[in-house]
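These notes are about the structure you will find just below.
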Amino acid sequence: MSAALNSESITKAANDSFHIAFCIDNRYFRAMGATILSILDNNPGVHFTFHVLAFSVSDEHRARLLKLEENYPVQTHIHLVSPSLFSRFAHFIESTYYSPAIFTRLAIPDILKDYTDKVLYLDADILCVGKMDDLIELSMDNVIAYVVPDAEATTVRRAAALKLSQVKYFNSGVLYMNIKEWLANQITEATIHALLTGGDDLRFPDQDALNIALDGKAIYIEKRWNYLYGLIGDLENDYRAMRDVGDAVFLHFAGAVKPWANWCMHDSRAIFAKYHRMSPWADMPMDEQPINYKEMRMHSRFLWRRRQFADSVKWFWRYALARPR
């Protein structure tokens, strides 16, 4: 009898599940694991279904996702996306540091239309630090998508550059989509058109194109749902303590330095580490040292600000040897 009741409760929870999607490559599963655990830890009682869109998924990460389902009352789905789908965007991908995974956002509504009528897309460098109740309860009636404003300076520059109808510009790291309305209004098609015709005006290719496609059509919500927390500004001034984030729910560590970089010495590492330890990816270490020439250069600069001159010179030398000629 108890087993039957348990089965019924699980079925009901699955039907009432809140769907969240990630678009990542194999390098970002560790980060996504911490994102997922931060959501679960701060939102007990909510049933979640997590969708992972990727070009490929290693057996190791598949096993870890199954472990997530064993340890927590969640469902997970892997959706493999063919890289050929994005061949038309090759010139954008080749000319930026972005992973092709960012373009899979455009496929979310079509791929998930048989699973749910609404889905929250999140970048995998986001950590949840509060309850999502207010977001989950938002009405989706006649709404294509809820979005969150980018930084004020960025908004002014990009709205002008893209000739948007309003001085409004969102950061696409958080998108709450009404799948039916998105498809009916052909937002993916409009975004693709903007990508293919935008040329050099698109500084942030997919984000700029989404802003063009959703110009005047998206509903803006509070910044607490995508609180942009840039670590570089703190570290340039040797400020390693967390700043006050007020009522922020999603901390988005946008930028080149992430909280899983132990070498940065910023207190944000403790927040990431807390949720990382709870995830099936806990045995994967954080980044103890810079792993590419760009990180080496930043690390050298941060060390100089801390007056650790010898170490700064050492890392600048490593950067000089590693950078492309």
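Chain labels A, B, ... are given in the sequence in which chains occur in the structure tokens; within each chain residues are numbered consecutively from 1, and ligands are likewise numbered from 1 in the order shown.
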Exercise for the section: Please identify all polymer residues within 10 Å of His79 in chain A, counting only C-alpha atoms, omitting same-chain residues fewer than 5 positions from it, and present them as a VMD selection string. Expected result: chain A and resid 23 51 to 57 108 111 to 112
Selected residues, N, CA, C and O atoms, written as an mmCIF file, in the first residue's frame, please.
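File produced: result_39.cif:
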data_model
loop_
_atom_site.group_PDB
_atom_site.id
_atom_site.type_symbol
_atom_site.label_atom_id
_atom_site.label_comp_id
_atom_site.auth_asym_id
_atom_site.auth_seq_id
_atom_site.Cartn_x
_atom_site.Cartn_y
_atom_site.Cartn_z
ATOM 1 N N CYS A 23 21.931 24.038 -22.228
ATOM 2 C CA CYS A 23 22.583 23.740 -23.506
ATOM 3 C C CYS A 23 24.084 23.788 -23.260
ATOM 4 O O CYS A 23 24.650 24.874 -23.103
ATOM 5 N N HIS A 51 16.411 19.141 -18.588
ATOM 6 C CA HIS A 51 16.700 18.745 -19.955
ATOM 7 C C HIS A 51 18.102 19.222 -20.323
ATOM 8 O O HIS A 51 18.449 20.387 -20.089
ATOM 9 N N VAL A 52 18.879 18.337 -20.901
ATOM 10 C CA VAL A 52 20.234 18.666 -21.323
ATOM 11 C C VAL A 52 20.314 18.526 -22.833
ATOM 12 O O VAL A 52 20.151 17.432 -23.378
ATOM 13 N N LEU A 53 20.530 19.652 -23.517
ATOM 14 C CA LEU A 53 20.709 19.643 -24.964
ATOM 15 C C LEU A 53 22.200 19.726 -25.249
ATOM 16 O O LEU A 53 22.889 20.623 -24.748
ATOM 17 N N ALA A 54 22.700 18.791 -26.037
ATOM 18 C CA ALA A 54 24.138 18.738 -26.300
ATOM 19 C C ALA A 54 24.394 18.055 -27.631
ATOM 20 O O ALA A 54 23.546 17.311 -28.149
ATOM 21 N N PHE A 55 25.578 18.321 -28.192
ATOM 22 C CA PHE A 55 25.975 17.650 -29.428
ATOM 23 C C PHE A 55 26.396 16.216 -29.157
ATOM 24 O O PHE A 55 26.206 15.332 -29.983
ATOM 25 N N SER A 56 26.987 15.989 -28.000
ATOM 26 C CA SER A 56 27.385 14.642 -27.589
ATOM 27 C C SER A 56 27.480 14.617 -26.070
ATOM 28 O O SER A 56 27.710 15.656 -25.440
ATOM 29 N N VAL A 57 27.301 13.445 -25.498
ATOM 30 C CA VAL A 57 27.386 13.276 -24.050
ATOM 31 C C VAL A 57 28.182 12.010 -23.777
ATOM 32 O O VAL A 57 27.841 10.934 -24.277
ATOM 33 N N ILE A 108 15.397 24.720 -28.407
ATOM 34 C CA ILE A 108 14.693 24.269 -27.201
ATOM 35 C C ILE A 108 13.183 24.139 -27.407
ATOM 36 O O ILE A 108 12.599 23.084 -27.112
ATOM 37 N N ILE A 111 12.230 21.112 -29.659
ATOM 38 C CA ILE A 111 12.599 19.817 -29.082
ATOM 39 C C ILE A 111 11.737 19.463 -27.877
ATOM 40 O O ILE A 111 11.378 18.292 -27.675
ATOM 41 N N LEU A 112 11.359 20.456 -27.079
ATOM 42 C CA LEU A 112 10.651 20.182 -25.826
ATOM 43 C C LEU A 112 9.136 20.342 -25.914
ATOM 44 O O LEU A 112 8.432 20.169 -24.921
#
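Every protein, DNA or RNA residue with an atom at most 10 Å from Asn237 in chain A, where only C-alpha atoms count and chain neighbours fewer than 4 positions away do not, is listed here: Ile232, Gly233, Phe302, Arg305 and Arg306 of chain A.
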Cut-off 9 Å: closest range 178-277 of chain A/range 29-48 of chain A atom pairs per residue, using only C-alpha atoms, as CSV:
residue,atom,partner,partner_atom,distance
A:Trp260,CA,A:Ala31,CA,7.8
A:Phe272,CA,A:Ala34,CA,6.6
A:Ala273,CA,A:Ala34,CA,8.0
A:Lys274,CA,A:Ala34,CA,8.2
A:Tyr275,CA,A:Ala34,CA,4.8
A:His276,CA,A:Ala34,CA,4.6
A:Arg277,CA,A:Ala34,CA,8.0
Please dump the current selection as a CSV table (one decimal), in the first residue's frame; keep C-alpha atoms.
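Result written to out38.csv:
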chain,number,residue,atom,x,y,z
A,260,TRP,CA,35.1,27.0,-9.9
A,272,PHE,CA,30.1,26.9,-5.9
A,273,ALA,CA,32.0,24.3,-3.9
A,274,LYS,CA,29.0,23.8,-1.5
A,275,TYR,CA,26.8,22.7,-4.3
A,276,HIS,CA,29.5,21.0,-6.3
A,277,ARG,CA,30.1,18.7,-3.3
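In this model, the gap between CA of Val148 in chain A and CA of Lys223 in chain A comes to 5.8 Å.
The residue that comes closest to Asn71 in chain A, out of A:Met278, A:Leu235, A:Met296, A:Ala256 and on the basis of only C-alpha atoms, is A:Met278.
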Exercise for the section: Name the closest residue to Val249 in chain A among the candidates A:Asp134, A:Asp234, A:Asp311, A:Asp206; distances are taken between atoms, counting only C-alpha atoms. Expected result: A:Asp134
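Here the question is which of A:Met284, A:Leu127, A:Ile221, A:Leu231 gets nearest to Asp150 in chain A using only C-alpha atoms, and that residue is A:Ile221.
If only C-alpha atoms are the atoms counted, then among A:Ile126, A:Val119, A:Leu162, A:Ala107 the closest residue to Glu189 in chain A is A:Ala107.
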Shell of 8 Å around Lys314 in chain A, only C-alpha atoms, local chain residues under 4 positions omitted, as an mmCIF file with C-alpha atoms, in the first residue's frame:
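Everything below was put into part29.cif:
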data_model
loop_
_atom_site.group_PDB
_atom_site.id
_atom_site.type_symbol
_atom_site.label_atom_id
_atom_site.label_comp_id
_atom_site.auth_asym_id
_atom_site.auth_seq_id
_atom_site.Cartn_x
_atom_site.Cartn_y
_atom_site.Cartn_z
ATOM 1 C CA SER A 300 49.111 37.451 -13.619
ATOM 2 C CA ALA A 310 57.258 37.376 -8.420
ATOM 3 C CA ARG A 318 53.614 31.310 -18.890
#
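All residues of range 157-198 of chain A that DSSP, run on the backbone, classes as helix (DSSP H, G or I) are Arg157, Arg158, Ala159, Ala160, Ala161, Ile179, Lys180, Glu181, Trp182, Leu183, Ala184, Ile187, Thr188, Glu189, Ala190, Thr191, Ile192, His193, Ala194, Leu195, Leu196 and Thr197 of chain A.
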For the residues in the current selection, export N, CA, C and O atoms as a PDB file, in the first residue's frame.
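So the final result, stored in part_24.pdb, reads:
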ATOM      1  N   ARG A 157      24.171  50.677 -24.858  1.00  0.00           N
ATOM      2  CA  ARG A 157      25.018  50.483 -26.045  1.00  0.00           C
ATOM      3  C   ARG A 157      24.377  49.543 -27.056  1.00  0.00           C
ATOM      4  O   ARG A 157      24.330  49.832 -28.248  1.00  0.00           O
ATOM      5  N   ARG A 158      23.885  48.385 -26.582  1.00  0.00           N
ATOM      6  CA  ARG A 158      23.375  47.382 -27.515  1.00  0.00           C
ATOM      7  C   ARG A 158      22.037  47.794 -28.119  1.00  0.00           C
ATOM      8  O   ARG A 158      21.770  47.519 -29.287  1.00  0.00           O
ATOM      9  N   ALA A 159      21.180  48.439 -27.319  1.00  0.00           N
ATOM     10  CA  ALA A 159      19.896  48.891 -27.864  1.00  0.00           C
ATOM     11  C   ALA A 159      20.113  49.887 -28.997  1.00  0.00           C
ATOM     12  O   ALA A 159      19.415  49.852 -30.019  1.00  0.00           O
ATOM     13  N   ALA A 160      21.107  50.768 -28.825  1.00  0.00           N
ATOM     14  CA  ALA A 160      21.418  51.732 -29.883  1.00  0.00           C
ATOM     15  C   ALA A 160      22.051  51.048 -31.088  1.00  0.00           C
ATOM     16  O   ALA A 160      21.664  51.308 -32.243  1.00  0.00           O
ATOM     17  N   ALA A 161      23.003  50.169 -30.848  1.00  0.00           N
ATOM     18  CA  ALA A 161      23.695  49.502 -31.952  1.00  0.00           C
ATOM     19  C   ALA A 161      22.756  48.644 -32.788  1.00  0.00           C
ATOM     20  O   ALA A 161      22.894  48.562 -34.009  1.00  0.00           O
ATOM     21  N   ILE A 179       6.385  27.840 -24.735  1.00  0.00           N
ATOM     22  CA  ILE A 179       6.736  27.119 -25.951  1.00  0.00           C
ATOM     23  C   ILE A 179       5.714  27.333 -27.068  1.00  0.00           C
ATOM     24  O   ILE A 179       6.079  27.587 -28.219  1.00  0.00           O
ATOM     25  N   LYS A 180       4.420  27.259 -26.742  1.00  0.00           N
ATOM     26  CA  LYS A 180       3.386  27.425 -27.762  1.00  0.00           C
ATOM     27  C   LYS A 180       3.455  28.806 -28.403  1.00  0.00           C
ATOM     28  O   LYS A 180       3.418  28.948 -29.635  1.00  0.00           O
ATOM     29  N   GLU A 181       3.571  29.844 -27.580  1.00  0.00           N
ATOM     30  CA  GLU A 181       3.623  31.218 -28.106  1.00  0.00           C
ATOM     31  C   GLU A 181       4.920  31.465 -28.868  1.00  0.00           C
ATOM     32  O   GLU A 181       4.942  32.176 -29.882  1.00  0.00           O
ATOM     33  N   TRP A 182       6.013  30.905 -28.384  1.00  0.00           N
ATOM     34  CA  TRP A 182       7.307  31.053 -29.065  1.00  0.00           C
ATOM     35  C   TRP A 182       7.226  30.485 -30.485  1.00  0.00           C
ATOM     36  O   TRP A 182       7.648  31.136 -31.450  1.00  0.00           O
ATOM     37  N   LEU A 183       6.674  29.293 -30.595  1.00  0.00           N
ATOM     38  CA  LEU A 183       6.558  28.651 -31.904  1.00  0.00           C
ATOM     39  C   LEU A 183       5.562  29.386 -32.795  1.00  0.00           C
ATOM     40  O   LEU A 183       5.808  29.578 -33.989  1.00  0.00           O
ATOM     41  N   ALA A 184       4.432  29.796 -32.222  1.00  0.00           N
ATOM     42  CA  ALA A 184       3.406  30.488 -33.007  1.00  0.00           C
ATOM     43  C   ALA A 184       3.922  31.804 -33.565  1.00  0.00           C
ATOM     44  O   ALA A 184       3.544  32.212 -34.677  1.00  0.00           O
ATOM     45  N   ILE A 187       9.681  32.785 -33.278  1.00  0.00           N
ATOM     46  CA  ILE A 187      10.812  33.503 -32.697  1.00  0.00           C
ATOM     47  C   ILE A 187      12.142  32.875 -33.124  1.00  0.00           C
ATOM     48  O   ILE A 187      13.117  33.588 -33.391  1.00  0.00           O
ATOM     49  N   THR A 188      12.196  31.562 -33.197  1.00  0.00           N
ATOM     50  CA  THR A 188      13.439  30.916 -33.649  1.00  0.00           C
ATOM     51  C   THR A 188      13.780  31.340 -35.056  1.00  0.00           C
ATOM     52  O   THR A 188      14.932  31.679 -35.360  1.00  0.00           O
ATOM     53  N   GLU A 189      12.779  31.348 -35.943  1.00  0.00           N
ATOM     54  CA  GLU A 189      13.027  31.761 -37.328  1.00  0.00           C
ATOM     55  C   GLU A 189      13.493  33.211 -37.405  1.00  0.00           C
ATOM     56  O   GLU A 189      14.417  33.546 -38.170  1.00  0.00           O
ATOM     57  N   ALA A 190      12.868  34.080 -36.599  1.00  0.00           N
ATOM     58  CA  ALA A 190      13.264  35.492 -36.589  1.00  0.00           C
ATOM     59  C   ALA A 190      14.684  35.666 -36.057  1.00  0.00           C
ATOM     60  O   ALA A 190      15.450  36.515 -36.534  1.00  0.00           O
ATOM     61  N   THR A 191      15.049  34.843 -35.070  1.00  0.00           N
ATOM     62  CA  THR A 191      16.402  34.911 -34.509  1.00  0.00           C
ATOM     63  C   THR A 191      17.425  34.450 -35.537  1.00  0.00           C
ATOM     64  O   THR A 191      18.497  35.065 -35.688  1.00  0.00           O
ATOM     65  N   ILE A 192      17.122  33.367 -36.235  1.00  0.00           N
ATOM     66  CA  ILE A 192      18.023  32.877 -37.284  1.00  0.00           C
ATOM     67  C   ILE A 192      18.200  33.932 -38.368  1.00  0.00           C
ATOM     68  O   ILE A 192      19.315  34.176 -38.843  1.00  0.00           O
ATOM     69  N   HIS A 193      17.101  34.573 -38.754  1.00  0.00           N
ATOM     70  CA  HIS A 193      17.187  35.632 -39.773  1.00  0.00           C
ATOM     71  C   HIS A 193      18.105  36.757 -39.293  1.00  0.00           C
ATOM     72  O   HIS A 193      18.947  37.254 -40.063  1.00  0.00           O
ATOM     73  N   ALA A 194      17.956  37.157 -38.029  1.00  0.00           N
ATOM     74  CA  ALA A 194      18.808  38.213 -37.473  1.00  0.00           C
ATOM     75  C   ALA A 194      20.267  37.778 -37.454  1.00  0.00           C
ATOM     76  O   ALA A 194      21.174  38.582 -37.747  1.00  0.00           O
ATOM     77  N   LEU A 195      20.520  36.524 -37.133  1.00  0.00           N
ATOM     78  CA  LEU A 195      21.887  36.002 -37.119  1.00  0.00           C
ATOM     79  C   LEU A 195      22.516  36.055 -38.505  1.00  0.00           C
ATOM     80  O   LEU A 195      23.685  36.416 -38.665  1.00  0.00           O
ATOM     81  N   LEU A 196      21.737  35.688 -39.499  1.00  0.00           N
ATOM     82  CA  LEU A 196      22.283  35.587 -40.848  1.00  0.00           C
ATOM     83  C   LEU A 196      22.416  36.934 -41.543  1.00  0.00           C
ATOM     84  O   LEU A 196      23.163  37.062 -42.510  1.00  0.00           O
ATOM     85  N   THR A 197      21.690  37.940 -41.072  1.00  0.00           N
ATOM     86  CA  THR A 197      21.711  39.249 -41.734  1.00  0.00           C
ATOM     87  C   THR A 197      22.355  40.347 -40.894  1.00  0.00           C
ATOM     88  O   THR A 197      22.564  41.454 -41.390  1.00  0.00           O
TER      89      THR A 197
END
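Going from CA of Asp117 in chain A to CA of Asn178 in chain A covers 6.2 Å.
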Handout entry: 7 Å contact set for Pro280 in chain A, only C-alpha atoms, chain neighbours under 2 positions out, as a list in words
Key = Arg64, Lys67, Leu68, Met278 and Ala282 of chain A
